[in-house]
Structures are given as structure tokens and as C-alpha cells.
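The file final.cif comes next; it holds mmCIF, C-alpha atoms.
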```cif
data_query
loop_
_atom_site.label_atom_id
_atom_site.label_comp_id
_atom_site.auth_asym_id
_atom_site.auth_seq_id
_atom_site.Cartn_x
_atom_site.Cartn_y
_atom_site.Cartn_z
CA MET D 148 24.07 6.43 44.17
CA MET D 149 25.90 7.08 40.91
CA PRO D 150 27.32 10.64 40.62
CA SER D 151 25.37 12.99 38.33
CA LYS D 152 28.39 13.53 36.05
CA THR D 153 28.70 9.75 35.57
CA LEU D 154 25.00 9.46 34.82
CA THR D 155 25.24 12.27 32.27
CA ALA D 156 28.18 10.56 30.56
CA LEU D 157 26.36 7.24 30.43
CA GLN D 158 23.24 8.87 29.07
CA SER D 159 25.33 10.62 26.42
CA TRP D 160 26.99 7.39 25.27
CA SER D 161 23.59 5.69 25.40
CA SER D 162 22.30 8.38 23.04
CA VAL D 163 25.18 7.71 20.64
CA GLY D 164 24.34 4.00 20.65
CA ARG D 165 20.65 4.61 20.08
CA TRP D 166 21.20 6.98 17.16
CA THR D 167 23.71 4.63 15.58
CA LEU D 168 21.52 1.55 15.97
CA PHE D 169 18.15 3.02 15.04
CA GLY D 170 19.55 5.16 12.25
CA THR D 171 21.16 2.13 10.66
CA LEU D 172 18.03 0.02 11.15
CA ALA D 173 15.91 2.72 9.54
CA CYS D 174 18.20 2.73 6.51
CA VAL D 175 18.01 -1.07 6.30
CA VAL D 176 14.20 -1.07 6.48
CA ILE D 177 13.88 1.64 3.83
CA SER D 178 16.43 -0.08 1.58
CA VAL D 179 14.77 -3.50 1.92
CA GLY D 180 11.33 -2.04 1.26
CA PHE D 181 12.55 -0.17 -1.81
CA ASN D 182 14.30 -3.23 -3.24
CA ALA D 183 11.28 -5.44 -2.60
CA ILE D 184 9.07 -3.05 -4.54
CA VAL D 185 11.46 -2.33 -7.41
CA PHE D 186 12.89 -5.84 -7.92
CA GLY D 187 9.93 -7.92 -6.79
CA ASP D 188 9.00 -8.91 -10.34
CA LEU D 189 12.48 -10.20 -11.30
CA GLY D 190 12.08 -13.58 -9.64
CA ALA D 191 12.92 -15.08 -6.28
CA ALA D 192 16.68 -15.39 -6.85
CA ALA D 193 17.13 -11.78 -7.96
CA LEU D 194 14.88 -10.55 -5.16
CA GLN D 195 16.86 -12.53 -2.60
CA ARG D 196 20.16 -11.06 -3.81
CA SER D 197 18.71 -7.53 -3.81
CA ILE D 198 17.41 -8.00 -0.24
CA VAL D 199 20.83 -9.19 0.94
CA SER D 200 22.40 -6.18 -0.73
CA ALA D 201 19.77 -3.91 0.83
CA ILE D 202 20.71 -5.22 4.28
CA VAL D 203 24.50 -5.38 3.95
CA LEU D 204 25.17 -2.02 2.28
CA PRO D 205 23.30 0.17 4.82
CA ILE D 206 25.04 -1.69 7.65
CA VAL D 207 28.50 -1.36 6.09
CA LEU D 208 28.02 2.28 5.11
CA GLY D 209 25.42 3.54 7.56
CA LEU D 210 26.77 2.11 10.80
CA PRO D 211 30.09 4.02 10.79
CA LEU D 212 28.42 7.11 9.33
CA PHE D 213 25.74 7.27 12.02
CA PHE D 214 28.33 6.52 14.71
CA TYR D 215 30.54 9.36 13.48
CA MET D 216 27.67 11.82 13.24
CA SER D 217 26.41 10.83 16.70
CA LEU D 218 29.87 11.42 18.15
CA ARG D 219 29.95 14.87 16.58
CA VAL D 220 26.53 15.71 17.99
CA ARG D 221 27.63 14.41 21.41
CA GLY D 222 30.75 16.58 21.26
CA LEU D 223 28.70 19.65 20.43
CA ALA D 224 26.29 18.90 23.27
CA ILE D 225 29.17 18.56 25.75
CA THR D 226 30.72 21.80 24.52
CA ASN D 227 27.41 23.65 24.84
CA ARG D 228 26.93 22.25 28.33
CA ARG D 229 30.40 23.42 29.37
CA LEU D 230 29.87 26.86 27.87
CA GLY D 231 26.57 27.12 29.73
CA LEU D 232 28.31 26.15 32.97
CA VAL D 233 31.02 28.74 32.40
CA ALA D 234 28.40 31.39 31.69
CA ARG D 235 26.58 30.60 34.95
CA THR D 236 29.57 30.11 37.25
CA ASP D 237 31.87 32.51 39.06
CA SER D 238 35.37 31.51 37.97
CA LEU D 239 37.05 32.20 41.33
CA THR D 240 34.71 30.49 43.77
CA ALA D 241 32.88 28.01 41.48
CA CYS D 242 29.57 29.35 42.85
CA LEU D 243 26.77 30.55 40.62
CA ASN D 244 27.35 34.09 39.43
CA ARG D 245 24.91 36.81 40.39
CA GLY D 246 22.78 36.59 37.26
CA ALA D 247 22.47 32.80 37.39
CA PHE D 248 21.72 32.76 41.13
CA THR D 249 19.11 35.50 40.85
CA GLY D 250 17.50 33.81 37.85
CA GLN D 251 17.35 30.34 39.37
CA VAL D 252 15.96 31.55 42.70
CA GLY D 253 13.41 33.72 40.91
CA THR D 254 12.31 30.76 38.81
CA LEU D 255 11.89 28.54 41.87
CA LEU D 256 9.90 31.23 43.66
CA THR D 257 7.60 31.60 40.64
CA GLN D 258 7.11 27.87 40.07
CA ARG D 259 6.20 27.21 43.70
CA ALA D 260 4.52 30.50 44.47
CA HIS D 261 1.61 29.08 46.49
CA SER D 262 3.15 26.03 48.13
CA SER D 263 6.75 26.95 48.86
CA SER D 264 8.68 27.90 51.94
CA GLY D 265 12.31 28.70 52.34
CA ALA D 266 14.87 31.32 53.18
CA LEU D 267 17.35 33.63 51.52
CA LEU D 268 20.66 34.31 53.27
CA MET D 269 23.09 37.08 52.42
CA ILE D 270 26.64 36.43 53.59
CA ASP D 271 29.42 39.02 53.63
CA ALA D 272 33.08 38.55 54.58
CA ASP D 273 34.05 40.71 57.56
CA ASN D 274 36.95 43.18 57.27
CA PHE D 275 37.73 41.99 53.77
CA LYS D 276 39.42 45.23 52.75
CA ALA D 277 41.90 44.76 55.58
CA ILE D 278 42.80 41.30 54.23
CA ASN D 279 43.53 42.77 50.80
CA ASP D 280 45.48 45.69 52.29
CA LEU D 281 47.58 43.56 54.66
CA PHE D 282 48.21 40.44 52.60
CA GLY D 283 47.44 41.39 48.99
CA HIS D 284 44.69 40.56 46.55
CA ASP D 285 45.90 36.99 46.03
CA ALA D 286 45.29 36.34 49.71
CA GLY D 287 41.89 38.02 49.35
CA ASP D 288 41.03 35.64 46.52
CA GLU D 289 42.16 32.71 48.65
CA ALA D 290 39.93 33.91 51.49
CA LEU D 291 36.94 34.07 49.16
CA THR D 292 37.52 30.53 47.90
CA ILE D 293 37.82 29.29 51.50
CA ILE D 294 34.59 31.06 52.49
CA ALA D 295 32.78 29.63 49.45
CA ARG D 296 34.00 26.13 50.27
CA SER D 297 32.98 26.55 53.92
CA ILE D 298 29.48 27.56 52.83
CA ARG D 299 29.10 24.60 50.46
CA THR D 300 30.11 22.08 53.12
CA ILE D 301 27.03 23.04 55.14
CA LEU D 302 24.44 23.09 52.37
CA ARG D 303 22.16 20.26 51.23
CA ALA D 304 21.61 18.98 47.74
CA GLY D 305 19.12 21.38 46.19
CA ASP D 306 20.33 24.46 48.08
CA LEU D 307 21.77 27.21 45.90
CA VAL D 308 24.81 29.39 46.53
CA GLY D 309 25.94 32.29 44.41
CA ARG D 310 28.57 35.00 44.53
CA MET D 311 26.67 38.27 44.44
CA GLY D 312 29.75 40.38 43.84
CA GLY D 313 32.90 41.30 45.73
CA GLU D 314 32.95 39.46 49.04
CA GLU D 315 29.19 38.89 49.24
CA PHE D 316 27.42 35.54 48.73
CA GLY D 317 23.79 34.55 48.54
CA VAL D 318 22.29 31.24 49.68
CA TYR D 319 18.78 30.01 48.92
CA LEU D 320 17.38 27.32 51.20
CA PRO D 321 14.15 25.73 49.93
CA ASP D 322 11.68 24.08 52.31
CA VAL D 323 13.00 25.47 55.60
CA ASP D 324 11.40 27.57 58.33
CA GLN D 325 12.95 30.49 60.19
CA HIS D 326 14.39 28.32 62.94
CA SER D 327 16.06 25.95 60.46
CA ALA D 328 17.38 28.88 58.43
CA GLU D 329 18.94 30.38 61.56
CA ALA D 330 20.57 27.03 62.36
CA VAL D 331 22.03 26.72 58.87
CA ALA D 332 23.31 30.30 58.97
CA GLU D 333 24.94 29.68 62.33
CA ARG D 334 26.64 26.53 61.05
CA ILE D 335 27.96 28.48 58.06
CA ARG D 336 29.29 31.19 60.37
CA ARG D 337 31.10 28.63 62.55
CA SER D 338 32.41 26.77 59.50
CA VAL D 339 34.07 29.96 58.25
CA ASN D 340 35.48 30.67 61.72
CA LEU D 341 37.11 27.22 61.80
CA ALA D 342 38.54 27.38 58.27
CA VAL D 343 42.32 27.38 57.84
CA PHE D 344 43.58 30.66 56.39
CA ALA D 345 47.31 31.36 56.70
CA PRO D 346 48.36 33.88 54.05
CA ASP D 347 51.67 34.67 55.79
CA GLY D 348 52.28 31.25 57.31
CA LYS D 349 50.31 32.06 60.44
CA GLN D 350 46.69 31.19 61.05
CA ARG D 351 44.45 34.20 60.53
CA SER D 352 40.80 34.24 61.47
CA LEU D 353 38.04 34.60 58.93
CA SER D 354 34.50 35.58 59.78
CA VAL D 355 31.28 36.45 58.01
CA SER D 356 28.16 38.35 58.90
CA ILE D 357 24.88 36.79 57.76
CA GLY D 358 21.47 38.30 57.25
CA GLY D 359 18.47 36.28 56.19
CA VAL D 360 14.74 36.14 55.70
CA ALA D 361 12.39 33.16 55.86
CA PHE D 362 9.06 32.99 54.06
CA GLU D 363 6.05 30.83 53.25
CA GLY D 364 3.91 31.09 50.15
CA SER D 365 4.54 33.63 47.42
CA ALA D 366 7.53 35.95 47.58
CA SER D 367 9.64 37.88 45.11
CA PHE D 368 13.41 37.73 44.96
CA SER D 369 13.72 41.51 45.14
CA GLU D 370 11.68 41.62 48.35
CA LEU D 371 13.64 38.80 49.97
CA PHE D 372 16.94 40.31 48.87
CA ARG D 373 16.05 43.72 50.33
CA ILE D 374 15.11 42.27 53.71
CA ALA D 375 18.08 39.88 53.89
CA ASP D 376 20.42 42.71 52.90
CA GLN D 377 19.01 44.88 55.71
CA ARG D 378 19.55 42.08 58.21
CA LEU D 379 23.09 41.55 56.92
CA TYR D 380 24.11 45.12 57.53
CA GLY D 381 22.33 45.11 60.84
CA ALA D 382 24.62 42.23 61.80
CA LYS D 383 27.58 44.27 60.56
CA GLN D 384 26.66 47.27 62.67
CA THR D 385 26.15 45.21 65.83
CA GLY D 386 29.63 43.74 65.84
CA ARG D 387 30.12 41.47 62.79
CA ASN D 388 30.55 37.69 62.88
CA ARG D 389 26.84 37.46 63.65
CA VAL D 390 23.64 35.96 62.26
CA ALA D 391 20.37 37.86 61.92
CA VAL D 392 17.42 36.03 60.36
CA VAL D 393 13.83 37.30 60.41
CA HIS D 394 10.52 36.25 58.94
CA VAL D 395 9.23 38.15 55.94
CA ALA D 396 5.92 38.82 57.69
CA ASP D 397 7.21 40.57 60.79
CA HIS D 398 10.52 42.23 60.02
CA PRO D 399 10.88 45.95 60.74
CA PHE D 400 12.21 48.21 58.01
CA ILE D 401 15.57 49.66 59.05
CA ASP D 402 17.62 52.00 56.89
CA LEU D 403 21.24 51.02 57.51
CA LYS D 404 24.49 52.29 56.10
CA ARG D 405 26.87 49.69 54.82
CA SER D 406 30.13 48.91 56.58
CA ALA D 407 33.02 46.58 55.78
#
```
Taking this structure as input, can you express it in the form of C-alpha cells?
Amino acid sequence: MMPSKTLTALQSWSSVGRWTLFGTLACVVISVGFNAIVFGDLGAAALQRSIVSAIVLPIVLGLPLFFYMSLRVRGLAITNRRLGLVARTDSLTACLNRGAFTGQVGTLLTQRAHSSSGALLMIDADNFKAINDLFGHDAGDEALTIIARSIRTILRAGDLVGRMGGEEFGVYLPDVDQHSAEAVAERIRRSVNLAVFAPDGKQRSLSVSIGGVAFEGSASFSELFRIADQRLYGAKQTGRNRVAVVHVADHPFIDLKRSA
């Protein structure tokens, strides 16, 4: 299958070609029609020369003009697309930023309110303050990029991952049940454990705690976030490097204090 970026580029160049071709053809048709009406009573020879002129001039002048204008429009479209990507993306981890992640998940939940299922996972790096204190903030940034990459290697096309702030990530898994969500969360946890992180030349372990909630039917992002966040900090309090996923229908409400 052709990569999406390649398809976008081809579609963009295809658009340039279409605008150039059809714009020029439109000018030719209008010019020919105008000349046929205005010079139609001057005889066949004069009409023939005017028709030739009506065809040649729009092609000579219009073709490069439409091509140039189409290139400018294409350039603006690419710039706007890049600016939109920058606005939606966390610069350090290349994940969606909090606003974009929250908005996209909320939109999906609304669009599929009565026929959807899925899960929201909240993922938090364990002992992240200690990494910053021992090895510096550059090493902390490296750890975050490694964790983000480890998460993405497990996800499917169509899953969403966002950086919620600090060392916390969110993952939305459409069309999964609780069992599948637990399996994905566990694979993410193991992937982070196996990642190579050597800020001082020696391998140092990374781990994450994961809380999640699965649902069917209608659900709001705020409700899912609250439950997943509770499960996350439950995992923190019971030893870290753990997964805790519940179903939205049967989770107990637990008031937990946050820990690193």
C-alpha cells in the first residue's frame, strides 16, 4: 500500500495538473465562443484566423499562468497543513498534544455514540522526577521520547496517542473490549521495560504505570478520563510498573492521591 504522505503528494500534484488543464481549456472555450460570435459575419477566412488566435493565445498565456497560480495554491495548502500539524503535535514526542488528543477522542465518541466500543488508557512514567534529578532534564526528555516510541510500536493504525502533559500520555483504542485493552496495555508496559535507556552509558530501566477504562455505547471523554486516571494512580499506589483496566459500568470510585 502506498504511504499516506506519498498519496497526499500525488493528489496535490494531480490537483495542480487539473487546475492548469481545465483552467486553460475554459479560457480556450470562452475565447473561441466570443470570437465566433463577434467575427462570425466577417467571412470564413477571417473567422478561421480568429478561431486559431482564440485557441493559441489562451494556451500560450493561460497555461503557464494557471500552472504558476496552481503551484502557489499548492504551496499555501502545504504550509497550512504543516502549521496545522505543528499546532496539533507535541514537539518533543511527536504525539498529539493534549488539546488535539482530547478533541479528536471527543469527536470520535460523539460521532459513534450509539455503536462504538473502545478504551482509554492513561500512561505515566514511573519515578520520572528521579530521572531528571539524577541524570538531568536532557535525559528526562530522552526518556519521554523513548516511552512515546515504545507506545507507538504497539498501537494499530487508527489508535490515537497524545501527550497529556509532563510525563503522562493518553491512548485511545477504538473497537476493543476490556480484555483486549488490558492486553494492549500490558504490551505497552513490557515494551517500555525492554527499551534501551542509557543516559550515563549504562542501561537504566524505564517503567510506566497504566490505568484504563473500557466502554460500549455512549461515553464522554471527561468520564473516561476520570476513571482511567483513578486506575492509573491506583496502579501507582500498588507498586508501579502495573496495569489496571476496568469497565466503565462496574468500576468503583476510589479517591487516590497522586504519587510519582
Å distance separating CA of Asp306 (chain D) from CA of Leu320 (chain D), one decimal place:
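Computed distance, CA of Asp306 (chain D) to CA of Leu320 (chain D), equals 5.2 Å.
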Run the PyMOL selection byres ((chain D and resi 253) around 12) on the file and write out the hits as a VMD selection string.
chain D and resid 245 to 252 254 to 260 267 307 319 365 to 372
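When the PyMOL selection byres ((chain D and resi 332) around 10) is evaluated against the file, it yields Leu268, Met269, Ile270, Ile298, Ile301, Leu302, Val318, His326, Ser327, Ala328, Glu329, Ala330, Val331, Glu333, Arg334, Ile335, Arg336, Arg337, Ser338, Ser356, Ile357, Gly358, Gly359, Arg389, Val390, Ala391 and Val392 of chain D.
Of the listed residues D:Phe282, D:Phe181, D:Tyr380, D:Phe213, the one whose atoms come nearest to Trp166 (chain D) is D:Phe213, with distances taken using all atoms listed in the file.
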Resolved residues for the PyMOL selection byres ((chain D and resi 272) around 8) as a PyMOL selection string:
chain D and resi 270-271+273-275+294+314-315+353-356
Determine, counting all atoms listed in the file, which protein, DNA and RNA residues have an atom within 9 Å of an atom of Ala345 (chain D); residues of the same chain fewer than 6 positions away are not included. Present the result as an NGL selection string.
:D and (286 or 351-352)
